[in-house]
Every structure is written in C-alpha cells, then in structure tokens.
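Visitor: This is query.pdb (PDB, C-alpha atoms and all ligand atoms).
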```pdb
ATOM      1  CA  MET A   1      10.250 -15.398   0.648  1.00  0.00           C
ATOM      2  CA  LEU A   2       9.208 -11.979   1.943  1.00  0.00           C
ATOM      3  CA  SER A   3       8.587 -11.360   5.627  1.00  0.00           C
ATOM      4  CA  LEU A   4       5.889  -8.812   5.114  1.00  0.00           C
ATOM      5  CA  ALA A   5       4.404  -6.254   7.482  1.00  0.00           C
ATOM      6  CA  VAL A   6       1.146  -4.772   6.232  1.00  0.00           C
ATOM      7  CA  LEU A   7       0.112  -1.294   7.372  1.00  0.00           C
ATOM      8  CA  GLY A   8      -3.419  -0.072   6.713  1.00  0.00           C
ATOM      9  CA  SER A   9      -6.130   2.242   7.951  1.00  0.00           C
ATOM     10  CA  GLY A  10      -9.280   0.856   6.395  1.00  0.00           C
ATOM     11  CA  GLN A  11     -11.093  -2.101   4.907  1.00  0.00           C
ATOM     12  CA  GLY A  12      -8.029  -4.177   4.168  1.00  0.00           C
ATOM     13  CA  THR A  13      -9.197  -5.580   0.827  1.00  0.00           C
ATOM     14  CA  ASN A  14      -5.658  -5.245  -0.545  1.00  0.00           C
ATOM     15  CA  PHE A  15      -4.344  -7.053   2.513  1.00  0.00           C
ATOM     16  CA  GLN A  16      -6.926  -9.757   1.814  1.00  0.00           C
ATOM     17  CA  ALA A  17      -5.733 -10.000  -1.789  1.00  0.00           C
ATOM     18  CA  ILE A  18      -2.173 -10.429  -0.499  1.00  0.00           C
ATOM     19  CA  LEU A  19      -3.286 -13.200   1.871  1.00  0.00           C
ATOM     20  CA  ASP A  20      -5.228 -14.926  -0.922  1.00  0.00           C
ATOM     21  CA  ALA A  21      -2.220 -14.739  -3.248  1.00  0.00           C
ATOM     22  CA  ILE A  22      -0.031 -16.317  -0.572  1.00  0.00           C
ATOM     23  CA  ARG A  23      -2.600 -19.063   0.019  1.00  0.00           C
ATOM     24  CA  THR A  24      -2.863 -19.898  -3.667  1.00  0.00           C
ATOM     25  CA  GLY A  25       0.913 -19.951  -4.157  1.00  0.00           C
ATOM     26  CA  LYS A  26       1.081 -16.812  -6.318  1.00  0.00           C
ATOM     27  CA  LEU A  27       3.029 -14.838  -3.752  1.00  0.00           C
ATOM     28  CA  SER A  28       6.042 -16.135  -1.918  1.00  0.00           C
ATOM     29  CA  ALA A  29       5.635 -14.312   1.386  1.00  0.00           C
ATOM     30  CA  ARG A  30       4.416 -14.589   4.910  1.00  0.00           C
ATOM     31  CA  VAL A  31       2.652 -11.732   6.657  1.00  0.00           C
ATOM     32  CA  VAL A  32       4.453 -11.340   9.967  1.00  0.00           C
ATOM     33  CA  CYS A  33       2.235  -8.578  11.366  1.00  0.00           C
ATOM     34  CA  VAL A  34      -0.524  -6.110  10.593  1.00  0.00           C
ATOM     35  CA  ILE A  35      -0.428  -2.564  11.973  1.00  0.00           C
ATOM     36  CA  SER A  36      -3.145   0.064  11.881  1.00  0.00           C
ATOM     37  CA  ASP A  37      -3.509   3.634  13.090  1.00  0.00           C
ATOM     38  CA  VAL A  38      -7.297   3.157  13.369  1.00  0.00           C
ATOM     39  CA  PRO A  39      -8.421   1.089  16.370  1.00  0.00           C
ATOM     40  CA  ASP A  40     -11.510  -0.464  14.772  1.00  0.00           C
ATOM     41  CA  ALA A  41     -10.172  -0.796  11.215  1.00  0.00           C
ATOM     42  CA  ARG A  42     -11.453  -3.829   9.352  1.00  0.00           C
ATOM     43  CA  ILE A  43      -7.871  -4.667   8.345  1.00  0.00           C
ATOM     44  CA  LEU A  44      -7.123  -5.537  11.992  1.00  0.00           C
ATOM     45  CA  GLU A  45     -10.143  -7.872  12.124  1.00  0.00           C
ATOM     46  CA  ARG A  46      -8.962  -9.567   8.956  1.00  0.00           C
ATOM     47  CA  GLY A  47      -5.471  -9.962  10.418  1.00  0.00           C
ATOM     48  CA  ARG A  48      -6.756 -11.474  13.644  1.00  0.00           C
ATOM     49  CA  ALA A  49      -9.090 -13.787  11.729  1.00  0.00           C
ATOM     50  CA  ALA A  50      -6.058 -15.030   9.805  1.00  0.00           C
ATOM     51  CA  GLY A  51      -4.125 -15.613  13.045  1.00  0.00           C
ATOM     52  CA  ILE A  52      -1.597 -12.868  12.318  1.00  0.00           C
ATOM     53  CA  PRO A  53      -0.341 -10.592  15.126  1.00  0.00           C
ATOM     54  CA  SER A  54      -2.349  -7.399  14.543  1.00  0.00           C
ATOM     55  CA  TYR A  55      -1.720  -4.131  16.330  1.00  0.00           C
ATOM     56  CA  TYR A  56      -3.353  -0.773  16.720  1.00  0.00           C
ATOM     57  CA  VAL A  57      -0.750   1.959  17.176  1.00  0.00           C
ATOM     58  CA  ASP A  58      -2.006   5.299  18.488  1.00  0.00           C
ATOM     59  CA  CYS A  59      -0.427   7.941  16.269  1.00  0.00           C
ATOM     60  CA  ALA A  60      -1.532  11.026  18.225  1.00  0.00           C
ATOM     61  CA  PRO A  61      -0.732  13.882  18.369  1.00  0.00           C
ATOM     62  CA  TYR A  62       0.133  13.647  14.666  1.00  0.00           C
ATOM     63  CA  ARG A  63      -2.818  13.696  12.291  1.00  0.00           C
ATOM     64  CA  THR A  64      -1.296  12.965   8.914  1.00  0.00           C
ATOM     65  CA  ARG A  65       2.063  11.350   9.508  1.00  0.00           C
ATOM     66  CA  LEU A  66       3.704   8.460  11.277  1.00  0.00           C
ATOM     67  CA  ASP A  67       6.076  10.246  13.596  1.00  0.00           C
ATOM     68  CA  GLY A  68       7.406  10.457  17.156  1.00  0.00           C
ATOM     69  CA  PRO A  69       6.552   7.668  19.602  1.00  0.00           C
ATOM     70  CA  ALA A  70       4.237   5.942  17.108  1.00  0.00           C
ATOM     71  CA  GLU A  71       7.049   5.659  14.574  1.00  0.00           C
ATOM     72  CA  GLU A  72       9.272   4.203  17.291  1.00  0.00           C
ATOM     73  CA  ARG A  73       6.578   1.706  18.239  1.00  0.00           C
ATOM     74  CA  VAL A  74       6.103   0.637  14.631  1.00  0.00           C
ATOM     75  CA  LEU A  75       9.861   0.176  14.189  1.00  0.00           C
ATOM     76  CA  GLU A  76       9.915  -1.913  17.340  1.00  0.00           C
ATOM     77  CA  LEU A  77       7.063  -4.131  16.117  1.00  0.00           C
ATOM     78  CA  LEU A  78       8.692  -4.565  12.714  1.00  0.00           C
ATOM     79  CA  GLN A  79      11.912  -5.643  14.343  1.00  0.00           C
ATOM     80  CA  GLN A  80      10.168  -7.893  16.862  1.00  0.00           C
ATOM     81  CA  HIS A  81       8.415  -9.757  14.038  1.00  0.00           C
ATOM     82  CA  GLY A  82      11.404  -9.840  11.708  1.00  0.00           C
ATOM     83  CA  ALA A  83       9.764  -7.886   8.882  1.00  0.00           C
ATOM     84  CA  ASP A  84      12.005  -7.272   5.859  1.00  0.00           C
ATOM     85  CA  THR A  85       9.379  -5.595   3.656  1.00  0.00           C
ATOM     86  CA  ILE A  86       6.500  -3.216   4.366  1.00  0.00           C
ATOM     87  CA  ALA A  87       3.343  -3.053   2.268  1.00  0.00           C
ATOM     88  CA  LEU A  88       1.259   0.059   2.790  1.00  0.00           C
ATOM     89  CA  ALA A  89      -2.271  -1.051   2.001  1.00  0.00           C
ATOM     90  CA  GLY A  90      -4.558   1.926   2.412  1.00  0.00           C
ATOM     91  CA  PHE A  91      -2.337   3.392   5.139  1.00  0.00           C
ATOM     92  CA  MET A  92      -3.410   7.018   5.258  1.00  0.00           C
ATOM     93  CA  ARG A  93      -0.314   8.526   6.846  1.00  0.00           C
ATOM     94  CA  ILE A  94       2.940   9.884   5.516  1.00  0.00           C
ATOM     95  CA  VAL A  95       5.927   7.713   6.354  1.00  0.00           C
ATOM     96  CA  LYS A  96       8.932   9.673   7.578  1.00  0.00           C
ATOM     97  CA  HIS A  97      12.685   9.489   7.196  1.00  0.00           C
ATOM     98  CA  LYS A  98      13.507   7.110  10.044  1.00  0.00           C
ATOM     99  CA  LEU A  99      11.323   4.278   8.767  1.00  0.00           C
ATOM    100  CA  LEU A 100      12.355   4.956   5.160  1.00  0.00           C
ATOM    101  CA  ALA A 101      16.028   4.797   6.103  1.00  0.00           C
ATOM    102  CA  ALA A 102      15.540   1.533   8.022  1.00  0.00           C
ATOM    103  CA  PHE A 103      13.715  -0.052   5.037  1.00  0.00           C
ATOM    104  CA  ARG A 104      15.320   1.504   1.987  1.00  0.00           C
ATOM    105  CA  HIS A 105      13.499   0.309  -1.153  1.00  0.00           C
ATOM    106  CA  ARG A 106      11.636  -2.163   1.004  1.00  0.00           C
ATOM    107  CA  ILE A 107       8.478  -0.094   1.532  1.00  0.00           C
ATOM    108  CA  VAL A 108       5.831  -0.251  -1.178  1.00  0.00           C
ATOM    109  CA  ASN A 109       2.485   1.470  -1.547  1.00  0.00           C
ATOM    110  CA  ILE A 110      -0.603   1.071  -3.692  1.00  0.00           C
ATOM    111  CA  HIS A 111      -2.264   4.215  -4.989  1.00  0.00           C
ATOM    112  CA  PRO A 112      -5.690   4.351  -6.697  1.00  0.00           C
ATOM    113  CA  ALA A 113      -4.642   6.383  -9.769  1.00  0.00           C
ATOM    114  CA  LEU A 114      -2.049   6.359 -12.530  1.00  0.00           C
ATOM    115  CA  LEU A 115       0.685   8.398 -10.844  1.00  0.00           C
ATOM    116  CA  PRO A 116       1.957  11.058 -11.217  1.00  0.00           C
ATOM    117  CA  ALA A 117      -1.681  12.019 -11.887  1.00  0.00           C
ATOM    118  CA  PHE A 118      -3.889  12.517  -8.846  1.00  0.00           C
ATOM    119  CA  PRO A 119      -1.629  11.959  -5.839  1.00  0.00           C
ATOM    120  CA  GLY A 120      -3.059  12.353  -2.351  1.00  0.00           C
ATOM    121  CA  LEU A 121      -6.501  11.608  -1.039  1.00  0.00           C
ATOM    122  CA  ARG A 122      -9.541  10.166  -2.868  1.00  0.00           C
ATOM    123  CA  ALA A 123      -7.650   9.874  -6.123  1.00  0.00           C
ATOM    124  CA  TRP A 124     -10.570   8.154  -7.922  1.00  0.00           C
ATOM    125  CA  GLU A 125     -12.762  11.170  -7.163  1.00  0.00           C
ATOM    126  CA  GLN A 126     -10.068  13.532  -8.409  1.00  0.00           C
ATOM    127  CA  ALA A 127      -9.865  11.523 -11.642  1.00  0.00           C
ATOM    128  CA  LEU A 128     -13.640  11.563 -12.129  1.00  0.00           C
ATOM    129  CA  GLU A 129     -13.875  15.308 -11.474  1.00  0.00           C
ATOM    130  CA  TYR A 130     -10.962  16.064 -13.776  1.00  0.00           C
ATOM    131  CA  GLY A 131     -12.644  14.147 -16.568  1.00  0.00           C
ATOM    132  CA  VAL A 132      -9.918  11.695 -17.561  1.00  0.00           C
ATOM    133  CA  LYS A 133     -11.077   8.714 -19.608  1.00  0.00           C
ATOM    134  CA  ILE A 134      -8.514   6.311 -18.211  1.00  0.00           C
ATOM    135  CA  THR A 135      -7.282   6.027 -14.672  1.00  0.00           C
ATOM    136  CA  GLY A 136      -6.026   3.029 -12.724  1.00  0.00           C
ATOM    137  CA  CYS A 137      -3.712   2.030  -9.935  1.00  0.00           C
ATOM    138  CA  THR A 138       0.005   2.260  -9.228  1.00  0.00           C
ATOM    139  CA  VAL A 139       2.300   0.184  -7.053  1.00  0.00           C
ATOM    140  CA  HIS A 140       5.418   2.146  -6.171  1.00  0.00           C
ATOM    141  CA  PHE A 141       8.325   2.304  -3.779  1.00  0.00           C
ATOM    142  CA  VAL A 142       7.805   4.838  -1.030  1.00  0.00           C
ATOM    143  CA  ASP A 143      10.138   7.813  -0.815  1.00  0.00           C
ATOM    144  CA  GLU A 144      10.104  11.084   1.141  1.00  0.00           C
ATOM    145  CA  GLY A 145       7.328  12.609  -0.952  1.00  0.00           C
ATOM    146  CA  VAL A 146       3.615  11.890  -1.120  1.00  0.00           C
ATOM    147  CA  ASP A 147       2.968   9.245  -3.808  1.00  0.00           C
ATOM    148  CA  THR A 148       6.177  10.200  -5.625  1.00  0.00           C
ATOM    149  CA  GLY A 149       8.381   7.090  -5.359  1.00  0.00           C
ATOM    150  CA  PRO A 150       9.686   4.977  -8.268  1.00  0.00           C
ATOM    151  CA  ILE A 151       6.873   3.096 -10.012  1.00  0.00           C
ATOM    152  CA  ILE A 152       6.903  -0.710 -10.018  1.00  0.00           C
ATOM    153  CA  LEU A 153       3.762  -1.356 -12.027  1.00  0.00           C
ATOM    154  CA  GLN A 154       0.470   0.171 -13.088  1.00  0.00           C
ATOM    155  CA  ARG A 155      -2.871  -1.140 -14.315  1.00  0.00           C
ATOM    156  CA  ALA A 156      -5.321   0.937 -16.313  1.00  0.00           C
ATOM    157  CA  VAL A 157      -9.060   1.265 -15.685  1.00  0.00           C
ATOM    158  CA  PRO A 158     -11.547   3.003 -18.036  1.00  0.00           C
ATOM    159  CA  VAL A 159     -13.734   5.804 -16.698  1.00  0.00           C
ATOM    160  CA  TYR A 160     -17.346   5.560 -17.900  1.00  0.00           C
ATOM    161  CA  ASP A 161     -19.724   8.462 -18.500  1.00  0.00           C
ATOM    162  CA  ASP A 162     -22.160   7.238 -15.890  1.00  0.00           C
ATOM    163  CA  ASP A 163     -19.548   6.404 -13.250  1.00  0.00           C
ATOM    164  CA  THR A 164     -20.045   7.348  -9.635  1.00  0.00           C
ATOM    165  CA  PRO A 165     -17.003   7.709  -7.363  1.00  0.00           C
ATOM    166  CA  GLU A 166     -17.974   4.448  -5.653  1.00  0.00           C
ATOM    167  CA  ARG A 167     -18.307   2.469  -8.887  1.00  0.00           C
ATOM    168  CA  LEU A 168     -15.034   3.798 -10.234  1.00  0.00           C
ATOM    169  CA  HIS A 169     -13.189   3.066  -6.997  1.00  0.00           C
ATOM    170  CA  ALA A 170     -14.591  -0.481  -6.958  1.00  0.00           C
ATOM    171  CA  ARG A 171     -13.329  -1.037 -10.517  1.00  0.00           C
ATOM    172  CA  ILE A 172      -9.904   0.358  -9.582  1.00  0.00           C
ATOM    173  CA  GLN A 173      -9.784  -1.910  -6.534  1.00  0.00           C
ATOM    174  CA  GLU A 174     -10.341  -5.010  -8.684  1.00  0.00           C
ATOM    175  CA  GLN A 175      -7.127  -4.074 -10.499  1.00  0.00           C
ATOM    176  CA  GLU A 176      -5.329  -3.215  -7.255  1.00  0.00           C
ATOM    177  CA  HIS A 177      -5.997  -6.725  -6.009  1.00  0.00           C
ATOM    178  CA  ILE A 178      -4.174  -8.105  -9.054  1.00  0.00           C
ATOM    179  CA  ALA A 179      -1.398  -5.503  -9.152  1.00  0.00           C
ATOM    180  CA  TYR A 180      -0.312  -5.575  -5.525  1.00  0.00           C
ATOM    181  CA  PRO A 181       0.467  -9.303  -5.169  1.00  0.00           C
ATOM    182  CA  GLU A 182       2.124  -9.235  -8.602  1.00  0.00           C
ATOM    183  CA  ALA A 183       4.440  -6.362  -7.610  1.00  0.00           C
ATOM    184  CA  LEU A 184       5.265  -8.004  -4.294  1.00  0.00           C
ATOM    185  CA  GLN A 185       6.118 -11.234  -6.062  1.00  0.00           C
ATOM    186  CA  LEU A 186       8.615  -9.358  -8.254  1.00  0.00           C
ATOM    187  CA  LEU A 187      10.179  -8.090  -5.053  1.00  0.00           C
ATOM    188  CA  ALA A 188      10.163 -11.586  -3.546  1.00  0.00           C
ATOM    189  CA  GLU A 189      11.981 -12.905  -6.610  1.00  0.00           C
ATOM    190  CA  ASP A 190      14.503 -10.038  -6.335  1.00  0.00           C
ATOM    191  CA  ARG A 191      13.690  -9.012  -9.903  1.00  0.00           C
ATOM    192  CA  LEU A 192      13.475  -5.248  -9.352  1.00  0.00           C
ATOM    193  CA  ARG A 193      16.302  -2.737  -9.655  1.00  0.00           C
ATOM    194  CA  VAL A 194      15.817   0.945  -8.907  1.00  0.00           C
ATOM    195  CA  LEU A 195      17.743   3.223 -11.295  1.00  0.00           C
ATOM    196  CA  GLY A 196      16.939   6.772 -10.271  1.00  0.00           C
ATOM    197  CA  ARG A 197      13.224   7.166 -10.911  1.00  0.00           C
ATOM    198  CA  ARG A 198      12.992   4.021 -13.004  1.00  0.00           C
ATOM    199  CA  VAL A 199      12.331   0.533 -11.759  1.00  0.00           C
ATOM    200  CA  ILE A 200      13.790  -2.076 -14.074  1.00  0.00           C
ATOM    201  CA  ARG A 201      12.706  -5.708 -14.132  1.00  0.00           C
ATOM    202  CA  ILE A 202      15.474  -8.231 -14.519  1.00  0.00           C
TER     203      ILE A 202
HETATM  204  C1  LIG B   1      -7.101   1.505  -1.812  1.00  0.00           C
HETATM  205  O1  LIG B   1      -7.910   1.853  -2.901  1.00  0.00           O
HETATM  206  C2  LIG B   1      -5.758   2.198  -1.879  1.00  0.00           C
HETATM  207  O2  LIG B   1      -5.317   2.366  -3.183  1.00  0.00           O
HETATM  208  C3  LIG B   1      -6.089   3.515  -1.248  1.00  0.00           C
HETATM  209  O3  LIG B   1      -6.910   3.188  -0.163  1.00  0.00           O
HETATM  210  C4  LIG B   1      -7.682   2.035  -0.494  1.00  0.00           C
HETATM  211  C5  LIG B   1      -7.556   1.036   0.623  1.00  0.00           C
HETATM  212  O4  LIG B   1      -8.429  -0.035   0.439  1.00  0.00           O
HETATM  213  N1  LIG B   1      -4.902   4.178  -0.818  1.00  0.00           N
HETATM  214  C6  LIG B   1      -4.735   5.498  -0.883  1.00  0.00           C
HETATM  215  O5  LIG B   1      -5.588   6.270  -1.269  1.00  0.00           O
HETATM  216  C7  LIG B   1      -3.374   5.989  -0.405  1.00  0.00           C
HETATM  217  N2  LIG B   1      -3.146   7.320  -0.847  1.00  0.00           N
HETATM  218  P1  LIG B   1      -8.294  -1.371   1.280  1.00  0.00           P
HETATM  219  O6  LIG B   1      -8.170  -0.969   2.748  1.00  0.00           O
HETATM  220  O7  LIG B   1      -9.568  -2.089   1.030  1.00  0.00           O
HETATM  221  O8  LIG B   1      -7.095  -2.108   0.784  1.00  0.00           O
END
```
Please, can you express the file's structure as structure tokens?

Guide:
Amino acid sequence: MLSLAVLGSGQGTNFQAILDAIRTGKLSARVVCVISDVPDARILERGRAAGIPSYYVDCAPYRTRLDGPAEERVLELLQQHGADTIALAGFMRIVKHKLLAAFRHRIVNIHPALLPAFPGLRAWEQALEYGVKITGCTVHFVDEGVDTGPIILQRAVPVYDDDTPERLHARIQEQEHIAYPEALQLLAEDRLRVLGRRVIRI
C-alpha cells in the first residue's frame, strides 16, 4: 500500500480521482497529506473535506520552482506524515535535486499531452495550435528536467476540428482520471522497473 503525498496547485480533479480509486478499491494507497503552493487552491479544500492533513506552503521568493525554505518545509511534511510516494497532480513548479534524491523513482507526474510532445505549460493549447490530430496524457516518473522523466503510461485523445482549448482539456482530463490511479496502482504492486528511459511492467 502506498503512503501517498499529493502536491497540486489547482482544481485537484486528479487528486479527487485518486481518492475515488482508493475508495472503490482500485488503488491500494492512503493519502497521507496534500500540499499546495497556492493558498486558496481547490485541491486543499478537497483534502480538508476528505479529512486529510492539507498544507499551503509559501514558495516565495521562487516563482517557478520548489526550492530553498519551501523545499525544506515540504521535505519535513513528507517525513512527518511518512510519505513514501509523491504524486504531482497539477503542481506547477519544478521539483529540484534534493527532493528527487530523497524520493528516487518515487515521484510521479501527470502531464496533459503525449510526451515528449508539448512539455511545459498549457500543453492542450499547444497541441491544438500545432494541429495534431491525436494528443492525450502521460504519467511519468519525475527527473531533473521538465516533463522528461521515464514514461509509465499514456492514453490517447482525439483532437476534433471544432475543439476549443477548454473542450480538449476536459476530454484529456477524463483520460487523466483513469490513467493516474492506474499508474499508481502499478507502483503500489511494485510492478514497474526503470531501465534507462524505459519503464518495464513485470
Ligand atoms: C491537469 O490537466 C494536469 O495534467 C496539468 O494540470 C491539470 C491539473 O488539473 N498539469 C500540468 O500541466 C503540469 N505541467 P487538476 O488540478 O484538476 O488535477
């Protein structure tokens, strides 16, 4: 069973999908804490509503990364709650070496595109503007780069001619909510091996 810490900056629908998968027995995990860099993020409300210790961590002065005192604070919270795995669920900061080293191959992220296409911000908009016909979502291990870590699983989503960014993102999110608990369950069952860039299921 995973002792999961969930880090997010926004709505927390992926966090909700994780909670629902735990409740329905599809995911063998308990969420030990929720951490956000945004004080009024909906993910914190969802955590509190579920009775899970939920923390806002002020990440200033850094704007795009989890660094300095905030990184220390997060490490402290993870230790305090006995987390063994970290799920980034819409966490809009770059995770640095110290946290990566403390949780080697135990930090996973969900990205709203078929990596390595469209890393970075608003990936669904990038996909729409580029004109691809298929995009999707990717669950991957986090490494030192931005959206570059070994890929655990991906789900494809068609792009329609009359799509808006919002409609496309909503369709991608439906698949994220399936993919994320599924990937975490593979981790819970210890069925993943990382061989260089490749993640093998055993
Ligand atoms: C998700 O679509 C996730 O893939 C994306 O943020 C959204 C968070 O939604 N993450 C990134 O873009 C990371 N680069 P949620 O808060 O409702 O789970």

Visitor: Decode the PyMOL selection byres (((not hetatm)) within 9 of (chain B and resi 1)) for the given file into explicit residues and return them as a PyMOL selection string.

Guide: chain A and resi 8-17+41-43+88-93+109-113+119-124+137-139+146-147+169-170+172-173+176-177

Visitor: Box for region 166-172 of chain A: with edges along x, y and z, all listed atoms inside and 4 Å added on each side, what are the centre and edge lengths in Å to one decimal, as JSON?

Guide:
```
{"center_x": -14.1, "center_y": 1.7, "center_z": -8.1, "size_x": 16.4, "size_y": 13.5, "size_z": 12.9}
```

Visitor: Counting only C-alpha atoms, which of A:Val57, A:Ala87, A:Leu100, A:Ala5 gets nearest to Tyr180 (chain A)?

Guide: A:Ala87

Visitor: Distance CA of Gly145 (chain A)-CA of Gly82 (chain A), one decimal place?

Guide: 26.1 Å

Visitor: Report as a compact mmCIF listing (two decimals) with C-alpha atoms, keeping the file's coordinate frame the residues that result from applying the PyMOL selection byres (((chain A and resi 39) around 8) and not hetatm) to the structure here.

Guide:
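Just written: selection-v9.txt:
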```txt
# COMPACT_ATOMS: atom_id res chain seq x y z
CA SER A 36 -3.14 0.06 11.88
CA ASP A 37 -3.51 3.63 13.09
CA VAL A 38 -7.30 3.16 13.37
CA ASP A 40 -11.51 -0.46 14.77
CA ALA A 41 -10.17 -0.80 11.22
CA TYR A 56 -3.35 -0.77 16.72
CA VAL A 57 -0.75 1.96 17.18
CA ASP A 58 -2.01 5.30 18.49
```

Visitor: List the neighbours of His105 (chain A) out to 10 Å using all atoms listed in the file; skip same-chain residues closer than 6 positions along the sequence, and give me the result as JSON, numbers by chain.

Guide: {"A": [85, 86, 140, 141, 142, 143, 149, 150, 187, 192, 193, 194]}

Visitor: Take the residues just selected and output them with C-alpha atoms as a short mmCIF file (atom, residue, chain, number, x, y, z; two decimals), keeping the file's coordinate frame.

Guide:
```cif
data_model
loop_
_atom_site.label_atom_id
_atom_site.label_comp_id
_atom_site.auth_asym_id
_atom_site.auth_seq_id
_atom_site.Cartn_x
_atom_site.Cartn_y
_atom_site.Cartn_z
CA THR A 85 9.38 -5.60 3.66
CA ILE A 86 6.50 -3.22 4.37
CA HIS A 140 5.42 2.15 -6.17
CA PHE A 141 8.32 2.30 -3.78
CA VAL A 142 7.80 4.84 -1.03
CA ASP A 143 10.14 7.81 -0.82
CA GLY A 149 8.38 7.09 -5.36
CA PRO A 150 9.69 4.98 -8.27
CA LEU A 187 10.18 -8.09 -5.05
CA LEU A 192 13.48 -5.25 -9.35
CA ARG A 193 16.30 -2.74 -9.65
CA VAL A 194 15.82 0.94 -8.91
#
```
